[in-house]
>>> print(open('upload16.pdb').read())   # PDB, C-alpha atoms (C1' of nucleotides)
ATOM      1  CA  MET A  27     108.738 -19.987 -92.953  1.00  0.00           C
ATOM      2  CA  VAL A  28     108.178 -18.919 -96.524  1.00  0.00           C
ATOM      3  CA  ASP A  29     105.034 -20.994 -96.543  1.00  0.00           C
ATOM      4  CA  LEU A  30     103.776 -19.145 -93.489  1.00  0.00           C
ATOM      5  CA  LEU A  31     104.490 -15.761 -95.030  1.00  0.00           C
ATOM      6  CA  LEU A  32     102.705 -16.760 -98.207  1.00  0.00           C
ATOM      7  CA  ARG A  33      99.759 -18.106 -96.255  1.00  0.00           C
ATOM      8  CA  ILE A  34      99.418 -14.802 -94.435  1.00  0.00           C
ATOM      9  CA  TYR A  35      99.728 -13.005 -97.744  1.00  0.00           C
ATOM     10  CA  HIS A  36      96.884 -14.948 -99.284  1.00  0.00           C
ATOM     11  CA  THR A  37      94.771 -14.533 -96.198  1.00  0.00           C
ATOM     12  CA  LEU A  38      95.160 -10.769 -96.430  1.00  0.00           C
ATOM     13  CA  LEU A  39      94.551 -10.809-100.175  1.00  0.00           C
ATOM     14  CA  ASP A  40      91.361 -12.795 -99.728  1.00  0.00           C
ATOM     15  CA  ALA A  41      90.212 -10.478 -96.976  1.00  0.00           C
ATOM     16  CA  TYR A  42      90.917  -7.133 -98.604  1.00  0.00           C
ATOM     17  CA  GLY A  43      91.480  -7.770-102.297  1.00  0.00           C
ATOM     18  CA  PRO A  44      94.263  -6.254-104.392  1.00  0.00           C
ATOM     19  CA  GLN A  45      95.277  -2.791-103.189  1.00  0.00           C
ATOM     20  CA  GLY A  46      96.900  -1.740-106.415  1.00  0.00           C
ATOM     21  CA  TRP A  47      99.754   0.201-104.873  1.00  0.00           C
ATOM     22  CA  TRP A  48     101.352   2.666-105.448  1.00  0.00           C
ATOM     23  CA  PRO A  49      98.496   5.107-106.131  1.00  0.00           C
ATOM     24  CA  ALA A  50     100.171   7.425-108.654  1.00  0.00           C
ATOM     25  CA  GLU A  51     100.099   8.317-112.313  1.00  0.00           C
ATOM     26  CA  SER A  52     103.835   8.180-112.915  1.00  0.00           C
ATOM     27  CA  TRP A  53     107.078   6.916-111.450  1.00  0.00           C
ATOM     28  CA  PHE A  54     107.973  10.475-110.522  1.00  0.00           C
ATOM     29  CA  GLU A  55     104.758  10.904-108.589  1.00  0.00           C
ATOM     30  CA  VAL A  56     105.695   7.788-106.646  1.00  0.00           C
ATOM     31  CA  VAL A  57     109.085   9.251-105.772  1.00  0.00           C
ATOM     32  CA  VAL A  58     107.558  12.506-104.569  1.00  0.00           C
ATOM     33  CA  GLY A  59     104.829  10.677-102.677  1.00  0.00           C
ATOM     34  CA  VAL A  60     107.364   8.537-100.860  1.00  0.00           C
ATOM     35  CA  ILE A  61     109.039  11.578 -99.348  1.00  0.00           C
ATOM     36  CA  LEU A  62     105.804  13.371 -98.594  1.00  0.00           C
ATOM     37  CA  THR A  63     104.239  10.429 -96.820  1.00  0.00           C
ATOM     38  CA  GLN A  64     107.009  10.081 -94.243  1.00  0.00           C
ATOM     39  CA  ASN A  65     105.181   9.854 -90.933  1.00  0.00           C
ATOM     40  CA  THR A  66     102.170  11.485 -92.544  1.00  0.00           C
ATOM     41  CA  SER A  67      98.664  10.344 -93.435  1.00  0.00           C
ATOM     42  CA  TRP A  68      98.053   9.755 -97.123  1.00  0.00           C
ATOM     43  CA  LYS A  69      95.129  12.170 -97.066  1.00  0.00           C
ATOM     44  CA  ASN A  70      97.487  15.049 -96.360  1.00  0.00           C
ATOM     45  CA  VAL A  71      99.921  13.844 -98.983  1.00  0.00           C
ATOM     46  CA  GLU A  72      97.165  13.930-101.590  1.00  0.00           C
ATOM     47  CA  ARG A  73      96.544  17.619-100.932  1.00  0.00           C
ATOM     48  CA  ALA A  74     100.210  18.375-101.374  1.00  0.00           C
ATOM     49  CA  ILE A  75     100.453  16.291-104.539  1.00  0.00           C
ATOM     50  CA  SER A  76      97.437  17.984-106.040  1.00  0.00           C
ATOM     51  CA  ASN A  77      98.915  21.402-105.258  1.00  0.00           C
ATOM     52  CA  LEU A  78     101.979  20.438-107.243  1.00  0.00           C
ATOM     53  CA  LYS A  79      99.912  18.990-110.067  1.00  0.00           C
ATOM     54  CA  ARG A  80      97.683  22.022-110.265  1.00  0.00           C
ATOM     55  CA  ASN A  81     100.744  24.167-110.834  1.00  0.00           C
ATOM     56  CA  GLY A  82     102.161  21.774-113.387  1.00  0.00           C
ATOM     57  CA  LEU A  83     105.154  21.072-111.178  1.00  0.00           C
ATOM     58  CA  LEU A  84     104.909  17.334-110.810  1.00  0.00           C
ATOM     59  CA  GLU A  85     107.562  16.808-113.423  1.00  0.00           C
ATOM     60  CA  PRO A  86     111.240  16.156-112.741  1.00  0.00           C
ATOM     61  CA  GLU A  87     112.820  19.202-114.370  1.00  0.00           C
ATOM     62  CA  LYS A  88     110.130  21.567-113.157  1.00  0.00           C
ATOM     63  CA  LEU A  89     110.322  20.478-109.568  1.00  0.00           C
ATOM     64  CA  PHE A  90     114.091  20.373-109.606  1.00  0.00           C
ATOM     65  CA  ALA A  91     114.200  23.962-110.791  1.00  0.00           C
ATOM     66  CA  LEU A  92     111.709  25.173-108.205  1.00  0.00           C
ATOM     67  CA  ALA A  93     113.030  27.142-105.232  1.00  0.00           C
ATOM     68  CA  VAL A  94     112.793  25.195-101.970  1.00  0.00           C
ATOM     69  CA  GLU A  95     110.778  27.978-100.354  1.00  0.00           C
ATOM     70  CA  LYS A  96     108.158  27.794-103.099  1.00  0.00           C
ATOM     71  CA  MET A  97     108.100  24.047-102.899  1.00  0.00           C
ATOM     72  CA  ALA A  98     107.657  24.193 -99.139  1.00  0.00           C
ATOM     73  CA  GLU A  99     104.579  26.398 -99.505  1.00  0.00           C
ATOM     74  CA  LEU A 100     102.969  24.030-101.974  1.00  0.00           C
ATOM     75  CA  ILE A 101     103.551  20.877 -99.946  1.00  0.00           C
ATOM     76  CA  LYS A 102     102.545  22.453 -96.650  1.00  0.00           C
ATOM     77  CA  PRO A 103      99.495  20.185 -96.134  1.00  0.00           C
ATOM     78  CA  ALA A 104     101.794  17.174 -95.918  1.00  0.00           C
ATOM     79  CA  GLY A 105     103.481  18.515 -92.794  1.00  0.00           C
ATOM     80  CA  PHE A 106     107.219  18.772 -92.058  1.00  0.00           C
ATOM     81  CA  TYR A 107     107.099  20.893 -95.174  1.00  0.00           C
ATOM     82  CA  ARG A 108     110.398  22.769 -94.903  1.00  0.00           C
ATOM     83  CA  LEU A 109     112.181  19.523 -94.168  1.00  0.00           C
ATOM     84  CA  LYS A 110     110.481  17.619 -96.958  1.00  0.00           C
ATOM     85  CA  ALA A 111     111.052  20.353 -99.522  1.00  0.00           C
ATOM     86  CA  GLN A 112     114.775  20.080 -98.879  1.00  0.00           C
ATOM     87  CA  ARG A 113     114.602  16.292 -98.934  1.00  0.00           C
ATOM     88  CA  LEU A 114     112.889  16.402-102.309  1.00  0.00           C
ATOM     89  CA  LYS A 115     115.597  18.723-103.554  1.00  0.00           C
ATOM     90  CA  ASN A 116     118.287  16.371-102.353  1.00  0.00           C
ATOM     91  CA  LEU A 117     116.640  13.447-104.081  1.00  0.00           C
ATOM     92  CA  MET A 118     116.062  15.441-107.274  1.00  0.00           C
ATOM     93  CA  SER A 119     119.723  16.190-107.519  1.00  0.00           C
ATOM     94  CA  LEU A 120     120.600  12.490-107.418  1.00  0.00           C
ATOM     95  CA  LEU A 121     117.954  11.671-110.041  1.00  0.00           C
ATOM     96  CA  SER A 122     119.218  14.502-112.207  1.00  0.00           C
ATOM     97  CA  THR A 123     122.523  12.680-112.609  1.00  0.00           C
ATOM     98  CA  TYR A 124     120.502  10.092-114.512  1.00  0.00           C
ATOM     99  CA  ASN A 125     118.779  12.845-116.490  1.00  0.00           C
ATOM    100  CA  PHE A 126     115.557  11.737-114.811  1.00  0.00           C
ATOM    101  CA  ASP A 127     115.456   8.943-117.339  1.00  0.00           C
ATOM    102  CA  PHE A 128     113.165   6.167-116.190  1.00  0.00           C
ATOM    103  CA  VAL A 129     114.828   3.336-118.066  1.00  0.00           C
ATOM    104  CA  ASN A 130     118.251   4.450-116.992  1.00  0.00           C
ATOM    105  CA  LEU A 131     117.168   4.805-113.378  1.00  0.00           C
ATOM    106  CA  SER A 132     115.287   1.521-113.334  1.00  0.00           C
ATOM    107  CA  GLU A 133     118.313  -0.369-114.526  1.00  0.00           C
ATOM    108  CA  LYS A 134     121.096   1.379-112.706  1.00  0.00           C
ATOM    109  CA  ILE A 135     120.223   3.299-109.579  1.00  0.00           C
ATOM    110  CA  THR A 136     121.384   1.497-106.432  1.00  0.00           C
ATOM    111  CA  ARG A 137     120.177   1.205-102.894  1.00  0.00           C
ATOM    112  CA  GLU A 138     123.438   2.752-101.697  1.00  0.00           C
ATOM    113  CA  GLU A 139     122.958   5.814-103.864  1.00  0.00           C
ATOM    114  CA  LEU A 140     119.436   6.382-102.613  1.00  0.00           C
ATOM    115  CA  LEU A 141     120.434   5.834 -98.996  1.00  0.00           C
ATOM    116  CA  SER A 142     123.195   8.394 -99.338  1.00  0.00           C
ATOM    117  CA  VAL A 143     120.596  11.095 -99.941  1.00  0.00           C
ATOM    118  CA  LYS A 144     119.834  13.045 -96.782  1.00  0.00           C
ATOM    119  CA  GLY A 145     116.186  12.408 -96.005  1.00  0.00           C
ATOM    120  CA  VAL A 146     115.981   9.021 -97.677  1.00  0.00           C
ATOM    121  CA  GLY A 147     116.075   6.249 -95.102  1.00  0.00           C
ATOM    122  CA  LYS A 148     115.625   2.533 -95.649  1.00  0.00           C
ATOM    123  CA  GLU A 149     111.876   2.512 -96.000  1.00  0.00           C
ATOM    124  CA  SER A 150     111.792   5.418 -98.424  1.00  0.00           C
ATOM    125  CA  CYS A 151     114.683   3.971-100.376  1.00  0.00           C
ATOM    126  CA  ASP A 152     113.048   0.579-100.733  1.00  0.00           C
ATOM    127  CA  SER A 153     109.648   2.083-101.504  1.00  0.00           C
ATOM    128  CA  ILE A 154     111.216   3.993-104.377  1.00  0.00           C
ATOM    129  CA  LEU A 155     113.041   0.923-105.672  1.00  0.00           C
ATOM    130  CA  LEU A 156     109.943  -1.253-105.493  1.00  0.00           C
ATOM    131  CA  TYR A 157     107.123   1.071-106.447  1.00  0.00           C
ATOM    132  CA  ALA A 158     108.845   3.546-108.764  1.00  0.00           C
ATOM    133  CA  PHE A 159     111.447   1.323-110.392  1.00  0.00           C
ATOM    134  CA  ASN A 160     109.891  -2.115-110.061  1.00  0.00           C
ATOM    135  CA  ARG A 161     112.741  -3.816-108.227  1.00  0.00           C
ATOM    136  CA  PRO A 162     111.881  -6.886-106.152  1.00  0.00           C
ATOM    137  CA  ILE A 163     112.791  -5.260-102.830  1.00  0.00           C
ATOM    138  CA  PHE A 164     110.536  -5.766 -99.818  1.00  0.00           C
ATOM    139  CA  VAL A 165     109.454  -2.655 -97.946  1.00  0.00           C
ATOM    140  CA  VAL A 166     109.453  -2.986 -94.174  1.00  0.00           C
ATOM    141  CA  ASP A 167     107.573  -0.438 -92.097  1.00  0.00           C
ATOM    142  CA  ASN A 168     106.555  -0.147 -88.476  1.00  0.00           C
ATOM    143  CA  TYR A 169     103.281  -1.925 -89.152  1.00  0.00           C
ATOM    144  CA  THR A 170     105.179  -4.873 -90.549  1.00  0.00           C
ATOM    145  CA  LYS A 171     107.411  -4.998 -87.492  1.00  0.00           C
ATOM    146  CA  ARG A 172     104.596  -4.758 -84.999  1.00  0.00           C
ATOM    147  CA  ILE A 173     102.098  -7.051 -86.649  1.00  0.00           C
ATOM    148  CA  PHE A 174     104.569  -9.793 -87.423  1.00  0.00           C
ATOM    149  CA  SER A 175     106.268  -9.622 -84.068  1.00  0.00           C
ATOM    150  CA  ARG A 176     102.871 -10.103 -82.454  1.00  0.00           C
ATOM    151  CA  LEU A 177     102.303 -13.054 -84.701  1.00  0.00           C
ATOM    152  CA  ALA A 178     105.676 -14.271 -83.422  1.00  0.00           C
ATOM    153  CA  VAL A 179     106.974 -14.443 -86.982  1.00  0.00           C
ATOM    154  CA  VAL A 180     109.744 -11.996 -86.142  1.00  0.00           C
ATOM    155  CA  LYS A 181     111.211 -10.876 -82.827  1.00  0.00           C
ATOM    156  CA  GLU A 182     110.397  -7.607 -81.164  1.00  0.00           C
ATOM    157  CA  LYS A 183     113.911  -6.299 -81.554  1.00  0.00           C
ATOM    158  CA  ASP A 184     114.678  -7.552 -85.037  1.00  0.00           C
ATOM    159  CA  ASP A 185     115.920  -4.655 -87.117  1.00  0.00           C
ATOM    160  CA  TYR A 186     114.938  -3.549 -90.593  1.00  0.00           C
ATOM    161  CA  ASP A 187     117.489  -5.630 -92.464  1.00  0.00           C
ATOM    162  CA  LYS A 188     116.690  -8.788 -90.537  1.00  0.00           C
ATOM    163  CA  ILE A 189     112.995  -8.526 -91.264  1.00  0.00           C
ATOM    164  CA  GLN A 190     113.606  -7.616 -94.874  1.00  0.00           C
ATOM    165  CA  GLU A 191     115.844 -10.638 -95.367  1.00  0.00           C
ATOM    166  CA  LEU A 192     113.071 -12.841 -94.065  1.00  0.00           C
ATOM    167  CA  PHE A 193     110.425 -11.471 -96.398  1.00  0.00           C
ATOM    168  CA  GLN A 194     112.813 -11.626 -99.300  1.00  0.00           C
ATOM    169  CA  LEU A 195     112.916 -15.383 -98.955  1.00  0.00           C
ATOM    170  CA  ILE A 196     109.634 -15.100-100.773  1.00  0.00           C
ATOM    171  CA  PRO A 197     110.167 -15.596-104.514  1.00  0.00           C
ATOM    172  CA  ARG A 198     111.162 -12.265-106.000  1.00  0.00           C
ATOM    173  CA  LYS A 199     107.991 -11.306-107.782  1.00  0.00           C
ATOM    174  CA  VAL A 200     107.574  -7.559-107.944  1.00  0.00           C
ATOM    175  CA  GLU A 201     103.794  -7.755-108.015  1.00  0.00           C
ATOM    176  CA  ILE A 202     103.684  -9.859-104.874  1.00  0.00           C
ATOM    177  CA  TYR A 203     106.101  -7.565-103.040  1.00  0.00           C
ATOM    178  CA  LYS A 204     104.078  -4.517-104.005  1.00  0.00           C
ATOM    179  CA  GLU A 205     100.826  -6.073-102.976  1.00  0.00           C
ATOM    180  CA  TYR A 206     102.049  -7.617 -99.744  1.00  0.00           C
ATOM    181  CA  HIS A 207     103.298  -4.367 -98.272  1.00  0.00           C
ATOM    182  CA  ALA A 208     100.117  -2.599 -99.351  1.00  0.00           C
ATOM    183  CA  LEU A 209      97.999  -5.290 -97.723  1.00  0.00           C
ATOM    184  CA  ILE A 210      99.924  -4.975 -94.481  1.00  0.00           C
ATOM    185  CA  VAL A 211      99.192  -1.253 -94.374  1.00  0.00           C
ATOM    186  CA  LYS A 212      95.569  -1.906 -95.236  1.00  0.00           C
ATOM    187  CA  HIS A 213      95.287  -4.498 -92.490  1.00  0.00           C
ATOM    188  CA  ALA A 214      96.916  -2.178 -89.986  1.00  0.00           C
ATOM    189  CA  LYS A 215      94.275   0.433 -90.676  1.00  0.00           C
ATOM    190  CA  GLU A 216      91.387  -2.009 -90.667  1.00  0.00           C
ATOM    191  CA  ILE A 217      92.023  -3.669 -87.365  1.00  0.00           C
ATOM    192  CA  CYS A 218      92.157  -0.410 -85.489  1.00  0.00           C
ATOM    193  CA  SER A 219      89.101   1.155 -87.027  1.00  0.00           C
ATOM    194  CA  LYS A 220      85.878   1.269 -85.083  1.00  0.00           C
ATOM    195  CA  ASN A 221      83.341  -1.530 -84.916  1.00  0.00           C
ATOM    196  CA  LYS A 222      86.002  -4.178 -85.230  1.00  0.00           C
ATOM    197  CA  PRO A 223      86.230  -7.058 -82.799  1.00  0.00           C
ATOM    198  CA  LYS A 224      89.073  -7.032 -80.351  1.00  0.00           C
ATOM    199  CA  CYS A 225      92.301  -8.437 -81.590  1.00  0.00           C
ATOM    200  CA  ARG A 226      95.877  -8.612 -80.395  1.00  0.00           C
ATOM    201  CA  LEU A 227      97.386  -7.099 -83.478  1.00  0.00           C
ATOM    202  CA  CYS A 228      96.923  -3.395 -82.889  1.00  0.00           C
ATOM    203  CA  PRO A 229      99.658  -1.686 -84.883  1.00  0.00           C
ATOM    204  CA  ILE A 230      98.960   1.677 -83.334  1.00  0.00           C
ATOM    205  CA  LYS A 231      99.901   1.123 -79.744  1.00  0.00           C
ATOM    206  CA  SER A 232     101.557  -1.842 -78.107  1.00  0.00           C
ATOM    207  CA  ASP A 233      99.296  -1.326 -75.097  1.00  0.00           C
ATOM    208  CA  CYS A 234      96.157  -0.494 -77.003  1.00  0.00           C
ATOM    209  CA  ASN A 235      93.091  -0.805 -74.759  1.00  0.00           C
ATOM    210  CA  TYR A 236      90.711  -0.974 -77.639  1.00  0.00           C
ATOM    211  CA  HIS A 237      92.204  -4.016 -79.258  1.00  0.00           C
ATOM    212  CA  THR A 238      93.942  -5.917 -76.516  1.00  0.00           C
TER
ATOM    213  C1'  DG B  18      92.932  18.561 -76.173  1.00  0.00           C
ATOM    214  C1'  DG B  19      95.656  14.431 -77.130  1.00  0.00           C
ATOM    215  C1'  DC B  20      97.111  10.964 -80.151  1.00  0.00           C
ATOM    216  C1'  DC B  21      98.281   9.343 -84.536  1.00  0.00           C
ATOM    217  C1'  DA B  22      99.913   9.415 -89.448  1.00  0.00           C
ATOM    218  C1'  DG B  23     102.435   4.608 -95.354  1.00  0.00           C
ATOM    219  C1'  DG B  24     110.070   8.269 -91.258  1.00  0.00           C
ATOM    220  C1'  DT B  25     114.587  10.375 -90.869  1.00  0.00           C
ATOM    221  C1'  DG B  26     118.609  12.799 -88.915  1.00  0.00           C
ATOM    222  C1'  DT B  27     120.990  14.255 -85.001  1.00  0.00           C
ATOM    223  C1'  DA B  28     122.638  14.519 -80.365  1.00  0.00           C
ATOM    224  C1'  DA B  29     123.181  12.812 -75.983  1.00  0.00           C
ATOM    225  C1'  DA B  30     123.563   8.935 -72.833  1.00  0.00           C
TER
ATOM    226  C1'  DT C  15     124.372   1.004 -79.746  1.00  0.00           C
ATOM    227  C1'  DT C  16     120.182   2.673 -77.863  1.00  0.00           C
ATOM    228  C1'  DT C  17     117.003   6.509 -76.757  1.00  0.00           C
ATOM    229  C1'  DA C  18     114.992  11.113 -77.165  1.00  0.00           C
ATOM    230  C1'  DC C  19     113.707  14.705 -79.749  1.00  0.00           C
ATOM    231  C1'  DA C  20     112.631  17.885 -83.723  1.00  0.00           C
ATOM    232  C1'  DC C  21     110.196  18.274 -87.741  1.00  0.00           C
ATOM    233  C1'  DA C  22     104.206  20.132 -88.742  1.00  0.00           C
ATOM    234  C1'  DT C  23      99.664  19.584 -90.824  1.00  0.00           C
ATOM    235  C1'  DG C  24      95.057  17.588 -90.419  1.00  0.00           C
ATOM    236  C1'  DG C  25      91.595  13.786 -88.919  1.00  0.00           C
ATOM    237  C1'  DC C  26      89.218  11.866 -85.231  1.00  0.00           C
TER
END
>>> encode(input="upload16.pdb", output="structure tokens")
Amino acid sequence: MVDLLLRIYHTLLDAYGPQGWWPAESWFEVVVGVILTQNTSWKNVERAISNLKRNGLLEPEKLFALAVEKMAELIKPAGFYRLKAQRLKNLMSLLSTYNFDFVNLSEKITREELLSVKGVGKESCDSILLYAFNRPIFVVDNYTKRIFSRLAVVKEKDDYDKIQELFQLIPRKVEIYKEYHALIVKHAKEICSKNKPKCRLCPIKSDCNYHT
DNA sequence: GGCCAGGTGTAAA
DNA sequence: TTTACACATGGC
């Protein structure tokens, strides 16, 4: 099974090349991006991020000190902005207990702690651990579920933990974990873009007419 | 105009 | 335990 997963990985890598995720200039930008991108296109997240940057607020202490209402205004382009502003606040307050210290956080913060934050679910939690703090944790998203269940690698009703356990049979190399998830997202976008031949892997809709 | 986007929490069945 | 819904902007 591991061989199969690695074969798919290399196939994707050959097809699309390294994706270089996460696109950010700092670990803190990753953390913020993770919350902002919840059910939201990256394009919209970029606008929100650049609003924060432009105001010099993409720094832990600055953002933590910012009123939620102000934050909400700035991240508006990312959608769900009131909700996400509060979620960022919640997350900031956990990170503040580590004094926003990268080394400290990288070594000590746990999955349980992150999951206890309101607004941080499994995918966000694992994205933060992998992409911000370089832990070998595999990120499972809906694309992963749909694509790999159609490839009959996982079952339709397998839950997050089940699928994650499977992928984590792959040797725990952070770079591979980062790249694999990124490639899955890339593939998901590619196969449903126009001018592509029909395939049975549409991640957008299970009954997609365009790619059945 | 409708569907989708690099999800999550909550409430009802 | 599963399902339905709210949250919201912007691209196509």
>>> interface_residues(input="upload16.pdb", of="chain A", to="chain B", cutoff="6 Å", atoms="all atoms listed in the file", output="PyMOL selection string")
chain A and resi 64-67+145
>>> closest_atom_pairs(input="upload16.pdb", of="chain A", to="chain C", cutoff="7 Å", atoms="all atoms listed in the file", output="CSV")
residue,atom,partner,partner_atom,distance
A:Asn70,CA,C:DG24,C1',6.9
A:Pro103,CA,C:DT23,C1',5.3
A:Ala104,CA,C:DT23,C1',6.0
A:Gly105,CA,C:DA22,C1',4.4
A:Phe106,CA,C:DA22,C1',4.7
A:Leu109,CA,C:DC21,C1',6.8
>>> atom_distance(input="upload16.pdb", atom1="atom CA of Phe54 of chain A", atom2="atom CA of Phe159 of chain A")
9.8 Å
>>> atom_distance(input="upload16.pdb", atom1="atom CA of Ser119 of chain A", atom2="atom CA of Phe90 of chain A")
7.3 Å
>>> atom_distance(input="upload16.pdb", atom1="atom CA of Leu177 of chain A", atom2="atom CA of His36 of chain A")
15.7 Å
